[in-house]
$ cat final.cif   # mmCIF, C-alpha atoms
data_work
#
loop_
_atom_site.group_PDB
_atom_site.id
_atom_site.type_symbol
_atom_site.label_atom_id
_atom_site.label_comp_id
_atom_site.auth_asym_id
_atom_site.auth_seq_id
_atom_site.Cartn_x
_atom_site.Cartn_y
_atom_site.Cartn_z
ATOM 1 C CA MET Z 30 -104.827 39.915 -34.097
ATOM 2 C CA LEU Z 31 -106.187 38.962 -30.673
ATOM 3 C CA LYS Z 32 -102.932 40.123 -29.047
ATOM 4 C CA SER Z 33 -103.166 43.465 -30.856
ATOM 5 C CA LEU Z 34 -106.755 43.934 -29.664
ATOM 6 C CA LEU Z 35 -105.832 43.095 -26.064
ATOM 7 C CA GLN Z 36 -102.981 45.604 -26.217
ATOM 8 C CA LYS Z 37 -105.327 48.321 -27.454
ATOM 9 C CA ILE Z 38 -107.738 47.842 -24.549
ATOM 10 C CA GLY Z 39 -104.903 47.597 -22.031
ATOM 11 C CA LEU Z 40 -105.214 43.936 -21.114
ATOM 12 C CA SER Z 41 -101.864 43.038 -22.651
ATOM 13 C CA LYS Z 42 -98.642 44.995 -22.925
ATOM 14 C CA PRO Z 43 -96.621 45.064 -26.156
ATOM 15 C CA PRO Z 44 -93.145 43.538 -25.977
ATOM 16 C CA VAL Z 45 -90.393 45.949 -25.009
ATOM 17 C CA ASP Z 46 -87.942 46.730 -27.812
ATOM 18 C CA TYR Z 47 -84.860 46.574 -25.606
ATOM 19 C CA THR Z 48 -81.454 44.908 -25.485
ATOM 20 C CA TYR Z 49 -78.971 45.621 -22.729
ATOM 21 C CA THR Z 50 -75.911 46.984 -24.532
ATOM 22 C CA PRO Z 51 -73.608 49.104 -22.352
ATOM 23 C CA ASP Z 52 -70.368 50.108 -24.075
ATOM 24 C CA GLU Z 53 -66.778 49.513 -23.011
ATOM 25 C CA ASN Z 54 -67.073 52.390 -20.504
ATOM 26 C CA HIS Z 55 -70.118 50.721 -18.916
ATOM 27 C CA ILE Z 56 -72.456 53.457 -20.139
ATOM 28 C CA GLU Z 57 -75.799 52.599 -21.733
ATOM 29 C CA ILE Z 58 -77.642 55.153 -23.896
ATOM 30 C CA LEU Z 59 -81.350 55.057 -24.726
ATOM 31 C CA ASN Z 60 -83.742 57.453 -26.453
ATOM 32 C CA PHE Z 61 -81.243 60.265 -27.032
ATOM 33 C CA TRP Z 62 -81.297 62.524 -30.087
ATOM 34 C CA THR Z 63 -78.244 60.844 -31.588
ATOM 35 C CA LEU Z 64 -77.591 57.151 -32.091
ATOM 36 C CA GLN Z 65 -74.404 57.189 -34.159
ATOM 37 C CA GLN Z 66 -72.339 59.621 -32.084
ATOM 38 C CA ASN Z 67 -73.143 58.671 -28.523
ATOM 39 C CA LYS Z 68 -69.635 59.419 -27.284
ATOM 40 C CA GLU Z 69 -70.026 63.035 -28.376
ATOM 41 C CA LEU Z 70 -72.969 63.558 -26.038
ATOM 42 C CA TRP Z 71 -72.292 66.231 -23.422
ATOM 43 C CA PHE Z 72 -73.324 63.919 -20.571
ATOM 44 C CA TYR Z 73 -71.188 61.094 -21.884
ATOM 45 C CA GLN Z 74 -68.152 63.384 -21.853
ATOM 46 C CA TYR Z 75 -69.070 64.563 -18.361
ATOM 47 C CA LEU Z 76 -69.214 61.004 -17.042
ATOM 48 C CA LEU Z 77 -65.842 60.068 -18.530
ATOM 49 C CA HIS Z 78 -64.186 63.201 -17.183
ATOM 50 C CA HIS Z 79 -65.533 62.981 -13.637
ATOM 51 C CA PHE Z 80 -66.530 59.380 -12.951
ATOM 52 C CA SER Z 81 -64.719 56.967 -15.272
ATOM 53 C CA GLN Z 82 -63.026 55.252 -12.303
ATOM 54 C CA GLN Z 83 -66.318 54.604 -10.514
ATOM 55 C CA LEU Z 84 -68.044 53.022 -13.514
ATOM 56 C CA GLY Z 85 -67.725 49.266 -13.991
ATOM 57 C CA PRO Z 86 -69.593 46.047 -14.853
ATOM 58 C CA GLN Z 87 -71.361 46.151 -11.478
ATOM 59 C CA ASN Z 88 -71.763 49.933 -11.540
ATOM 60 C CA SER Z 89 -73.098 50.659 -15.028
ATOM 61 C CA LEU Z 90 -75.055 53.804 -15.805
ATOM 62 C CA LEU Z 91 -77.935 54.561 -18.180
ATOM 63 C CA LEU Z 92 -78.243 57.895 -19.993
ATOM 64 C CA SER Z 93 -81.797 58.274 -21.299
ATOM 65 C CA SER Z 94 -84.007 60.919 -22.863
ATOM 66 C CA VAL Z 95 -87.424 61.421 -24.497
ATOM 67 C CA PHE Z 96 -86.793 60.290 -28.086
ATOM 68 C CA GLY Z 97 -88.079 56.755 -27.730
ATOM 69 C CA PRO Z 98 -90.506 54.576 -25.749
ATOM 70 C CA LYS Z 99 -90.469 55.022 -21.996
ATOM 71 C CA ASN Z 100 -90.768 51.290 -21.305
ATOM 72 C CA ARG Z 101 -87.214 50.796 -22.582
ATOM 73 C CA ILE Z 102 -85.969 52.900 -19.660
ATOM 74 C CA GLY Z 103 -87.937 50.793 -17.220
ATOM 75 C CA ALA Z 104 -86.491 47.617 -18.779
ATOM 76 C CA SER Z 105 -82.879 48.819 -18.565
ATOM 77 C CA LYS Z 106 -80.541 46.605 -16.547
ATOM 78 C CA SER Z 107 -78.097 49.387 -15.721
ATOM 79 C CA ARG Z 108 -77.504 49.780 -12.004
ATOM 80 C CA ILE Z 109 -77.944 53.578 -12.085
ATOM 81 C CA LYS Z 110 -80.445 55.279 -14.343
ATOM 82 C CA LEU Z 111 -80.238 58.931 -15.367
ATOM 83 C CA PHE Z 112 -82.920 60.748 -17.375
ATOM 84 C CA TYR Z 113 -82.441 64.066 -19.158
ATOM 85 C CA THR Z 114 -84.768 66.246 -21.182
ATOM 86 C CA GLY Z 115 -83.801 69.443 -22.922
ATOM 87 C CA GLU Z 116 -87.263 69.432 -24.531
ATOM 88 C CA ASN Z 117 -90.523 70.848 -23.272
ATOM 89 C CA VAL Z 118 -92.138 67.781 -21.729
ATOM 90 C CA VAL Z 119 -95.580 69.100 -22.710
ATOM 91 C CA ASN Z 120 -94.686 67.895 -26.211
ATOM 92 C CA PHE Z 121 -93.755 64.461 -24.823
ATOM 93 C CA PRO Z 122 -96.740 63.536 -22.595
ATOM 94 C CA GLU Z 123 -95.224 60.185 -21.666
ATOM 95 C CA TYR Z 124 -92.393 62.029 -19.934
ATOM 96 C CA THR Z 125 -94.187 64.763 -18.005
ATOM 97 C CA ASP Z 126 -93.246 62.995 -14.764
ATOM 98 C CA HIS Z 127 -89.514 63.058 -15.677
ATOM 99 C CA CYS Z 128 -89.502 59.249 -15.348
ATOM 100 C CA LYS Z 129 -90.139 59.398 -11.617
ATOM 101 C CA ARG Z 130 -89.885 55.938 -10.012
ATOM 102 C CA LEU Z 131 -88.061 54.650 -13.099
ATOM 103 C CA VAL Z 132 -84.740 56.473 -12.709
ATOM 104 C CA ASP Z 133 -82.387 57.436 -9.904
ATOM 105 C CA LEU Z 134 -81.780 60.980 -11.102
ATOM 106 C CA ALA Z 135 -83.689 63.205 -13.536
ATOM 107 C CA LEU Z 136 -82.499 66.444 -15.085
ATOM 108 C CA GLY Z 137 -84.439 69.073 -17.024
ATOM 109 C CA PHE Z 138 -85.393 72.735 -17.206
ATOM 110 C CA ASP Z 139 -88.325 72.662 -14.745
ATOM 111 C CA HIS Z 140 -87.919 74.172 -11.288
ATOM 112 C CA LEU Z 141 -88.542 71.095 -9.137
ATOM 113 C CA VAL Z 142 -87.294 70.491 -5.607
ATOM 114 C CA SER Z 143 -86.400 66.832 -5.064
ATOM 115 C CA GLU Z 144 -83.383 64.756 -4.110
ATOM 116 C CA ASP Z 145 -83.766 62.774 -7.325
ATOM 117 C CA TYR Z 146 -84.021 65.855 -9.589
ATOM 118 C CA GLN Z 147 -81.545 68.513 -10.703
ATOM 119 C CA ARG Z 148 -82.360 71.534 -12.851
ATOM 120 C CA PHE Z 149 -80.049 71.542 -15.871
ATOM 121 C CA PRO Z 150 -81.528 73.445 -18.862
ATOM 122 C CA LEU Z 151 -80.430 72.803 -22.430
ATOM 123 C CA TRP Z 152 -78.556 76.086 -22.920
ATOM 124 C CA ILE Z 153 -75.881 74.919 -20.455
ATOM 125 C CA LEU Z 154 -74.847 72.144 -22.843
ATOM 126 C CA TYR Z 155 -74.336 74.735 -25.602
ATOM 127 C CA SER Z 156 -72.524 77.243 -23.399
ATOM 128 C CA PHE Z 157 -70.028 75.226 -21.347
ATOM 129 C CA ASP Z 158 -67.758 72.241 -21.869
ATOM 130 C CA ALA Z 159 -68.486 69.105 -19.881
ATOM 131 C CA THR Z 160 -65.103 69.579 -18.190
ATOM 132 C CA ALA Z 161 -65.818 73.120 -16.972
ATOM 133 C CA ASP Z 162 -65.187 74.035 -13.336
ATOM 134 C CA GLU Z 163 -66.266 77.247 -11.578
ATOM 135 C CA GLN Z 164 -63.209 79.150 -12.777
ATOM 136 C CA GLU Z 165 -63.861 78.115 -16.389
ATOM 137 C CA ILE Z 166 -67.552 78.984 -16.065
ATOM 138 C CA ARG Z 167 -66.648 82.473 -14.904
ATOM 139 C CA ARG Z 168 -64.049 82.913 -17.657
ATOM 140 C CA ARG Z 169 -66.538 81.712 -20.259
ATOM 141 C CA LEU Z 170 -69.215 84.188 -19.183
ATOM 142 C CA ASP Z 171 -66.693 87.037 -19.041
ATOM 143 C CA HIS Z 172 -65.749 86.362 -22.680
ATOM 144 C CA TYR Z 173 -69.050 84.957 -23.910
ATOM 145 C CA THR Z 174 -69.926 87.536 -26.547
ATOM 146 C CA GLU Z 175 -67.849 87.413 -29.717
ATOM 147 C CA GLY Z 176 -67.615 91.123 -30.336
ATOM 148 C CA ASN Z 177 -65.069 90.933 -33.139
ATOM 149 C CA ILE Z 178 -67.316 89.349 -35.779
ATOM 150 C CA CYS Z 179 -68.544 92.564 -37.412
ATOM 151 C CA PRO Z 180 -68.447 96.292 -36.451
ATOM 152 C CA ASP Z 181 -71.866 97.631 -35.469
ATOM 153 C CA ASP Z 182 -71.868 100.214 -38.273
ATOM 154 C CA GLN Z 183 -71.409 97.456 -40.867
ATOM 155 C CA LYS Z 184 -74.142 95.145 -39.610
ATOM 156 C CA LYS Z 185 -77.220 94.371 -41.675
ATOM 157 C CA PHE Z 186 -80.669 94.574 -40.118
ATOM 158 C CA ALA Z 187 -82.046 91.276 -38.800
ATOM 159 C CA SER Z 188 -81.653 87.512 -39.136
ATOM 160 C CA LEU Z 189 -83.742 84.401 -38.588
ATOM 161 C CA ILE Z 190 -82.607 80.763 -38.562
ATOM 162 C CA CYS Z 191 -85.240 78.058 -38.097
ATOM 163 C CA ARG Z 192 -86.473 74.795 -39.599
ATOM 164 C CA HIS Z 193 -90.203 75.274 -38.952
ATOM 165 C CA ASP Z 194 -92.804 77.522 -37.354
ATOM 166 C CA LYS Z 195 -95.355 75.291 -35.666
ATOM 167 C CA ASN Z 196 -96.887 78.040 -33.528
ATOM 168 C CA GLY Z 197 -96.686 80.759 -36.218
ATOM 169 C CA LEU Z 198 -94.730 83.141 -34.009
ATOM 170 C CA ARG Z 199 -91.604 83.290 -36.141
ATOM 171 C CA THR Z 200 -93.703 84.271 -39.147
ATOM 172 C CA ILE Z 201 -95.360 87.031 -37.115
ATOM 173 C CA LEU Z 202 -92.001 88.456 -36.082
ATOM 174 C CA PHE Z 203 -90.507 87.997 -39.551
ATOM 175 C CA ASP Z 204 -93.396 89.911 -41.130
ATOM 176 C CA ALA Z 205 -93.359 92.629 -38.460
ATOM 177 C CA LEU Z 206 -89.629 93.297 -38.710
ATOM 178 C CA SER Z 207 -89.750 93.106 -42.502
ATOM 179 C CA GLN Z 208 -91.885 96.259 -42.369
ATOM 180 C CA VAL Z 209 -88.815 98.009 -40.884
ATOM 181 C CA ASP Z 210 -86.111 96.578 -43.159
ATOM 182 C CA ARG Z 211 -85.077 93.325 -44.839
ATOM 183 C CA VAL Z 212 -84.917 90.246 -42.640
ATOM 184 C CA ASP Z 213 -82.541 87.526 -43.863
ATOM 185 C CA SER Z 214 -83.852 84.027 -43.163
ATOM 186 C CA ALA Z 215 -81.132 81.397 -43.558
ATOM 187 C CA GLY Z 216 -82.805 78.235 -42.264
ATOM 188 C CA ALA Z 217 -85.088 75.805 -44.043
ATOM 189 C CA TYR Z 218 -88.126 77.958 -43.205
ATOM 190 C CA LEU Z 219 -88.705 81.204 -45.158
ATOM 191 C CA ARG Z 220 -85.195 80.949 -46.611
ATOM 192 C CA ASN Z 221 -84.244 83.972 -48.674
ATOM 193 C CA THR Z 222 -80.449 83.794 -48.378
ATOM 194 C CA ASN Z 223 -77.799 81.080 -48.684
ATOM 195 C CA ASP Z 224 -75.111 83.045 -46.848
ATOM 196 C CA LEU Z 225 -75.217 80.780 -43.793
ATOM 197 C CA GLN Z 226 -74.288 77.770 -45.887
ATOM 198 C CA GLU Z 227 -72.097 79.368 -48.553
ATOM 199 C CA LYS Z 228 -70.293 82.172 -46.691
ATOM 200 C CA PHE Z 229 -70.229 80.876 -43.126
ATOM 201 C CA GLN Z 230 -70.211 77.066 -43.558
ATOM 202 C CA ASP Z 231 -73.278 76.673 -41.302
ATOM 203 C CA ASN Z 232 -71.661 78.625 -38.440
ATOM 204 C CA LYS Z 233 -74.730 80.292 -36.921
ATOM 205 C CA ILE Z 234 -72.706 82.445 -34.535
ATOM 206 C CA ARG Z 235 -70.643 84.026 -37.304
ATOM 207 C CA PHE Z 236 -73.695 84.473 -39.523
ATOM 208 C CA ASN Z 237 -75.842 86.145 -36.848
ATOM 209 C CA GLY Z 238 -72.912 88.330 -35.842
ATOM 210 C CA HIS Z 239 -73.371 90.305 -39.072
ATOM 211 C CA TYR Z 240 -76.840 91.501 -38.012
ATOM 212 C CA LYS Z 241 -78.127 94.012 -35.474
ATOM 213 C CA PHE Z 242 -81.070 91.849 -34.395
ATOM 214 C CA SER Z 243 -81.741 88.112 -34.189
ATOM 215 C CA ILE Z 244 -85.289 86.719 -34.158
ATOM 216 C CA CYS Z 245 -84.977 83.833 -31.680
ATOM 217 C CA PRO Z 246 -88.242 82.844 -29.923
ATOM 218 C CA GLU Z 247 -88.695 79.457 -28.318
ATOM 219 C CA ASN Z 248 -90.952 76.837 -29.934
ATOM 220 C CA THR Z 249 -93.234 76.766 -26.891
ATOM 221 C CA ASN Z 250 -93.751 78.822 -23.760
ATOM 222 C CA ARG Z 251 -93.220 77.246 -20.341
ATOM 223 C CA GLU Z 252 -91.652 78.682 -17.219
ATOM 224 C CA GLY Z 253 -87.979 77.747 -17.090
ATOM 225 C CA TYR Z 254 -87.928 76.297 -20.620
ATOM 226 C CA VAL Z 255 -84.925 78.100 -22.133
ATOM 227 C CA THR Z 256 -82.902 76.598 -24.960
ATOM 228 C CA GLU Z 257 -79.756 77.770 -26.709
ATOM 229 C CA LYS Z 258 -81.556 80.322 -28.907
ATOM 230 C CA VAL Z 259 -81.264 83.486 -26.819
ATOM 231 C CA PHE Z 260 -77.748 82.534 -25.706
ATOM 232 C CA GLU Z 261 -76.568 82.068 -29.297
ATOM 233 C CA ALA Z 262 -77.856 85.540 -30.132
ATOM 234 C CA ILE Z 263 -75.924 86.989 -27.182
ATOM 235 C CA ARG Z 264 -72.826 85.107 -28.208
ATOM 236 C CA SER Z 265 -73.184 86.522 -31.736
ATOM 237 C CA ASN Z 266 -73.152 90.087 -30.357
ATOM 238 C CA THR Z 267 -76.609 90.847 -31.693
ATOM 239 C CA ILE Z 268 -79.822 91.904 -29.941
ATOM 240 C CA PRO Z 269 -82.179 88.956 -29.290
ATOM 241 C CA VAL Z 270 -85.850 89.403 -30.214
ATOM 242 C CA TYR Z 271 -87.257 86.770 -27.884
ATOM 243 C CA TRP Z 272 -90.392 85.071 -26.596
ATOM 244 C CA GLY Z 273 -90.558 82.193 -24.121
ATOM 245 C CA SER Z 274 -90.235 81.152 -20.469
ATOM 246 C CA ASN Z 275 -93.011 83.650 -19.646
ATOM 247 C CA ASN Z 276 -90.621 86.300 -21.014
ATOM 248 C CA ASN Z 277 -88.473 85.958 -17.933
ATOM 249 C CA PRO Z 278 -85.676 83.700 -19.220
ATOM 250 C CA GLU Z 279 -83.070 82.659 -16.662
ATOM 251 C CA PRO Z 280 -83.461 85.683 -14.349
ATOM 252 C CA ASP Z 281 -80.416 84.598 -12.322
ATOM 253 C CA VAL Z 282 -78.260 84.599 -15.445
ATOM 254 C CA LEU Z 283 -79.546 87.016 -18.094
ATOM 255 C CA ASN Z 284 -80.004 90.791 -17.994
ATOM 256 C CA LYS Z 285 -83.516 91.285 -19.396
ATOM 257 C CA ASN Z 286 -82.741 94.898 -20.279
ATOM 258 C CA ALA Z 287 -80.395 93.656 -23.021
ATOM 259 C CA ILE Z 288 -83.165 91.624 -24.717
ATOM 260 C CA LEU Z 289 -86.220 92.720 -26.721
ATOM 261 C CA PHE Z 290 -89.436 90.808 -25.994
ATOM 262 C CA TYR Z 291 -92.517 89.981 -28.016
ATOM 263 C CA GLU Z 292 -95.466 90.245 -25.608
ATOM 264 C CA GLY Z 293 -98.286 89.288 -27.955
ATOM 265 C CA PRO Z 294 -99.963 90.892 -30.991
ATOM 266 C CA GLU Z 295 -100.761 94.068 -29.075
ATOM 267 C CA SER Z 296 -97.044 94.610 -28.399
ATOM 268 C CA LEU Z 297 -96.012 94.654 -32.079
ATOM 269 C CA PRO Z 298 -96.400 98.412 -32.743
ATOM 270 C CA ALA Z 299 -94.228 99.321 -29.734
ATOM 271 C CA LEU Z 300 -91.702 96.607 -30.615
ATOM 272 C CA GLN Z 301 -91.474 97.842 -34.209
ATOM 273 C CA LYS Z 302 -91.018 101.409 -32.978
ATOM 274 C CA GLN Z 303 -88.228 100.415 -30.581
ATOM 275 C CA ILE Z 304 -86.437 98.334 -33.203
ATOM 276 C CA THR Z 305 -86.746 101.145 -35.771
ATOM 277 C CA ALA Z 306 -85.199 103.618 -33.335
ATOM 278 C CA LEU Z 307 -82.293 101.285 -32.545
ATOM 279 C CA HIS Z 308 -81.795 100.493 -36.235
ATOM 280 C CA THR Z 309 -81.705 104.098 -37.403
ATOM 281 C CA ASP Z 310 -79.816 105.696 -34.501
ATOM 282 C CA PRO Z 311 -76.217 104.382 -34.228
ATOM 283 C CA GLY Z 312 -75.697 106.052 -30.870
ATOM 284 C CA LEU Z 313 -78.836 104.500 -29.400
ATOM 285 C CA TYR Z 314 -77.880 101.082 -30.757
ATOM 286 C CA HIS Z 315 -74.361 101.390 -29.320
ATOM 287 C CA GLU Z 316 -75.776 102.404 -25.926
ATOM 288 C CA PHE Z 317 -78.107 99.383 -25.918
ATOM 289 C CA MET Z 318 -75.279 97.036 -26.865
ATOM 290 C CA GLN Z 319 -73.064 98.345 -24.052
ATOM 291 C CA GLN Z 320 -75.361 96.898 -21.403
ATOM 292 C CA PRO Z 321 -74.059 93.840 -19.550
ATOM 293 C CA ARG Z 322 -75.617 90.674 -20.945
ATOM 294 C CA PHE Z 323 -75.387 88.666 -17.713
ATOM 295 C CA GLN Z 324 -76.279 89.192 -14.079
ATOM 296 C CA PRO Z 325 -73.367 89.846 -11.685
ATOM 297 C CA HIS Z 326 -73.942 86.506 -9.929
ATOM 298 C CA ALA Z 327 -74.515 84.452 -13.111
ATOM 299 C CA ALA Z 328 -71.318 82.399 -12.753
ATOM 300 C CA GLU Z 329 -72.191 81.414 -9.187
ATOM 301 C CA TYR Z 330 -75.656 80.325 -10.259
ATOM 302 C CA VAL Z 331 -74.349 78.151 -13.102
ATOM 303 C CA ALA Z 332 -71.642 76.668 -10.882
ATOM 304 C CA GLU Z 333 -74.328 75.757 -8.340
ATOM 305 C CA LEU Z 334 -76.195 73.771 -11.013
ATOM 306 C CA PHE Z 335 -72.987 71.960 -11.952
ATOM 307 C CA ASN Z 336 -72.176 71.219 -8.307
ATOM 308 C CA GLY Z 337 -75.695 69.976 -7.587
ATOM 309 C CA PHE Z 338 -75.499 67.541 -10.487
ATOM 310 C CA HIS Z 339 -72.019 66.343 -9.503
ATOM 311 C CA THR Z 340 -72.934 65.819 -5.855
ATOM 312 C CA LYS Z 341 -76.072 63.835 -6.600
ATOM 313 C CA LEU Z 342 -74.379 61.679 -9.211
ATOM 314 C CA GLN Z 343 -71.395 61.025 -6.978
ATOM 315 C CA LYS Z 344 -73.672 59.831 -4.208
ATOM 316 C CA LEU Z 345 -75.356 57.384 -6.588
ATOM 317 C CA LEU Z 346 -72.087 56.002 -7.930
ATOM 318 C CA GLN Z 347 -70.421 55.436 -4.570
#
$ encode --input "final.cif" --output "structure tokens"
Amino acid sequence: MLKSLLQKIGLSKPPVDYTYTPDENHIEILNFWTLQQNKELWFYQYLLHHFSQQLGPQNSLLLSSVFGPKNRIGASKSRIKLFYTGENVVNFPEYTDHCKRLVDLALGFDHLVSEDYQRFPLWILYSFDATADEQEIRRRLDHYTEGNICPDDQKKFASLICRHDKNGLRTILFDALSQVDRVDSAGAYLRNTNDLQEKFQDNKIRFNGHYKFSICPENTNREGYVTEKVFEAIRSNTIPVYWGSNNNPEPDVLNKNAILFYEGPESLPALQKQITALHTDPGLYHEFMQQPRFQPHAAEYVAELFNGFHTKLQKLLQ
């Protein structure tokens, strides 16, 4: 009881729940979103593809993230420590510093300039294989949208897939678009259809591809914080209805003209009017869909992020 009291007032630190357990590839994993399938992690695959020969008992590497206590990262005995967050660090106050002074290299979505930091937002992990080079990145972007899922004239109105709505925004958009036509919600929240599970075996891309619009806002708004949501809508060949990253998501990659934005409650009437026009006028919808989804230099930008990560990691492992 005395020890607990001292810990509460900061005079004693609780014991660190940590055991040094690198695997046979000399990679240690802490605080990631998966514990049972570590070898399926994107970064794990990247390390094996690019740096398996440099890793060893004296050159072990830690992969860490935000889903666990920070003191475990500090206690790690791996020679090189890497931290990654695909989450908005505002929701993980312990990690707002990206583990500075605890790790050798941090990666995230923030725009920070530092030798020990590399921007690497979450959508990259969903869009490209860990083995991708610049040629593959370009090929992937050139064929990113799956346009053969459903003809435009056979598409239903709008879809939503989500587990929760902590900030209430998805409900606002669901209700607003429902005043235009039926919105099919296939996730745990507001579910009114089982098609995602029964017809499409949980394949979100195929499901969304049967709709003209996809409601896909981020959970929170922060500059640079862009997840897979808007990219999955683009891949599904539907029009994203988006909010997040100060409504300027990945300006070096995405064409904003091909996305519809929620700008706050006062923007709803204009947004409803625009969506109604696109929904009821096949020619207008076709014209909107013909716009390029990506910026002309998108592949170069993505390749630069890959190269920056590779260069910094290579320097650490040598």
$ residues_around --input "final.cif" --residues "region 127-143 of chain Z" --least-positions-apart "3" --cutoff "7 Å" --atoms "all atoms listed in the file" --output "list in words"
Gly103, Ile109, Lys110, Leu111, Phe112, Tyr113, Thr114, Gly115, Tyr124, Tyr146, Gln147, Arg148, Phe149, Pro150, Gly253 and Tyr254 of chain Z
$ residues_around --input "final.cif" --residues "Gln183 (chain Z)" --least-positions-apart "6" --cutoff "12 Å" --atoms "all atoms listed in the file" --output "number ranges by chain"
Z: 177, 238-241, 308, 311
$ resolve_selection --input "final.cif" --expression "the PyMOL selection byres ((chain Z and resi 278) around 12)" --output "PyMOL selection string"
chain Z and resi 138+150+152+246-247+250-260+269+271-277+279-290+323
$ resolve_selection --input "final.cif" --expression "the PyMOL selection byres ((chain Z and resi 57) around 12)" --output "PyMOL selection string"
chain Z and resi 47-56+58-61+64+67-68+72-73+76+84-86+88-94+101-102+105-112
$ write_last_selection --input "final.cif" --atoms "C-alpha atoms" --output "PDB file, in the frame of the given file"
ATOM      1  CA  TYR Z  47     -84.860  46.574 -25.606  1.00  0.00           C
ATOM      2  CA  THR Z  48     -81.454  44.908 -25.485  1.00  0.00           C
ATOM      3  CA  TYR Z  49     -78.971  45.621 -22.729  1.00  0.00           C
ATOM      4  CA  THR Z  50     -75.911  46.984 -24.532  1.00  0.00           C
ATOM      5  CA  PRO Z  51     -73.608  49.104 -22.352  1.00  0.00           C
ATOM      6  CA  ASP Z  52     -70.368  50.108 -24.075  1.00  0.00           C
ATOM      7  CA  GLU Z  53     -66.778  49.513 -23.011  1.00  0.00           C
ATOM      8  CA  ASN Z  54     -67.073  52.390 -20.504  1.00  0.00           C
ATOM      9  CA  HIS Z  55     -70.118  50.721 -18.916  1.00  0.00           C
ATOM     10  CA  ILE Z  56     -72.456  53.457 -20.139  1.00  0.00           C
ATOM     11  CA  ILE Z  58     -77.642  55.153 -23.896  1.00  0.00           C
ATOM     12  CA  LEU Z  59     -81.350  55.057 -24.726  1.00  0.00           C
ATOM     13  CA  ASN Z  60     -83.742  57.453 -26.453  1.00  0.00           C
ATOM     14  CA  PHE Z  61     -81.243  60.265 -27.032  1.00  0.00           C
ATOM     15  CA  LEU Z  64     -77.591  57.151 -32.091  1.00  0.00           C
ATOM     16  CA  ASN Z  67     -73.143  58.671 -28.523  1.00  0.00           C
ATOM     17  CA  LYS Z  68     -69.635  59.419 -27.284  1.00  0.00           C
ATOM     18  CA  PHE Z  72     -73.324  63.919 -20.571  1.00  0.00           C
ATOM     19  CA  TYR Z  73     -71.188  61.094 -21.884  1.00  0.00           C
ATOM     20  CA  LEU Z  76     -69.214  61.004 -17.042  1.00  0.00           C
ATOM     21  CA  LEU Z  84     -68.044  53.022 -13.514  1.00  0.00           C
ATOM     22  CA  GLY Z  85     -67.725  49.266 -13.991  1.00  0.00           C
ATOM     23  CA  PRO Z  86     -69.593  46.047 -14.853  1.00  0.00           C
ATOM     24  CA  ASN Z  88     -71.763  49.933 -11.540  1.00  0.00           C
ATOM     25  CA  SER Z  89     -73.098  50.659 -15.028  1.00  0.00           C
ATOM     26  CA  LEU Z  90     -75.055  53.804 -15.805  1.00  0.00           C
ATOM     27  CA  LEU Z  91     -77.935  54.561 -18.180  1.00  0.00           C
ATOM     28  CA  LEU Z  92     -78.243  57.895 -19.993  1.00  0.00           C
ATOM     29  CA  SER Z  93     -81.797  58.274 -21.299  1.00  0.00           C
ATOM     30  CA  SER Z  94     -84.007  60.919 -22.863  1.00  0.00           C
ATOM     31  CA  ARG Z 101     -87.214  50.796 -22.582  1.00  0.00           C
ATOM     32  CA  ILE Z 102     -85.969  52.900 -19.660  1.00  0.00           C
ATOM     33  CA  SER Z 105     -82.879  48.819 -18.565  1.00  0.00           C
ATOM     34  CA  LYS Z 106     -80.541  46.605 -16.547  1.00  0.00           C
ATOM     35  CA  SER Z 107     -78.097  49.387 -15.721  1.00  0.00           C
ATOM     36  CA  ARG Z 108     -77.504  49.780 -12.004  1.00  0.00           C
ATOM     37  CA  ILE Z 109     -77.944  53.578 -12.085  1.00  0.00           C
ATOM     38  CA  LYS Z 110     -80.445  55.279 -14.343  1.00  0.00           C
ATOM     39  CA  LEU Z 111     -80.238  58.931 -15.367  1.00  0.00           C
ATOM     40  CA  PHE Z 112     -82.920  60.748 -17.375  1.00  0.00           C
TER      41      PHE Z 112
END
$ residues_around --input "final.cif" --residues "Glu316 (chain Z)" --least-positions-apart "4" --cutoff "12 Å" --atoms "only C-alpha atoms" --output "list of chain:residue names"
Z:Asp181, Z:Ile268, Z:Asn286, Z:Ala287, Z:Leu307, Z:Asp310, Z:Pro311, Z:Gly312, Z:Gln320, Z:Pro321
$ write_last_selection --input "final.cif" --atoms "C-alpha atoms" --output "short mmCIF file (atom, residue, chain, number, x, y, z; two decimals), in the frame of the given file"
data_model
loop_
_atom_site.label_atom_id
_atom_site.label_comp_id
_atom_site.auth_asym_id
_atom_site.auth_seq_id
_atom_site.Cartn_x
_atom_site.Cartn_y
_atom_site.Cartn_z
CA ASP Z 181 -71.87 97.63 -35.47
CA ILE Z 268 -79.82 91.90 -29.94
CA ASN Z 286 -82.74 94.90 -20.28
CA ALA Z 287 -80.40 93.66 -23.02
CA LEU Z 307 -82.29 101.28 -32.54
CA ASP Z 310 -79.82 105.70 -34.50
CA PRO Z 311 -76.22 104.38 -34.23
CA GLY Z 312 -75.70 106.05 -30.87
CA GLN Z 320 -75.36 96.90 -21.40
CA PRO Z 321 -74.06 93.84 -19.55
#
$ closest_residue --input "final.cif" --among "Z:Ser243, Z:Thr249, Z:Gln87, Z:Asn221" --to "Val270 (chain Z)" --atoms "only C-alpha atoms"
Z:Ser243
$ residues_around --input "final.cif" --residues "region 197-208 of chain Z" --least-positions-apart "3" --cutoff "10 Å" --atoms "only C-alpha atoms" --output "ChimeraX atom specification"
/Z:186-191,193-194,211-214,218-219,242,244-249,270-272,291,293-294,297-298,300-301,304-305
$ resolve_selection --input "final.cif" --expression "the PyMOL selection byres ((chain Z and resi 329-333) around 8)" --output "ChimeraX atom specification"
/Z:162-163,166,281-282,326-328,334-337
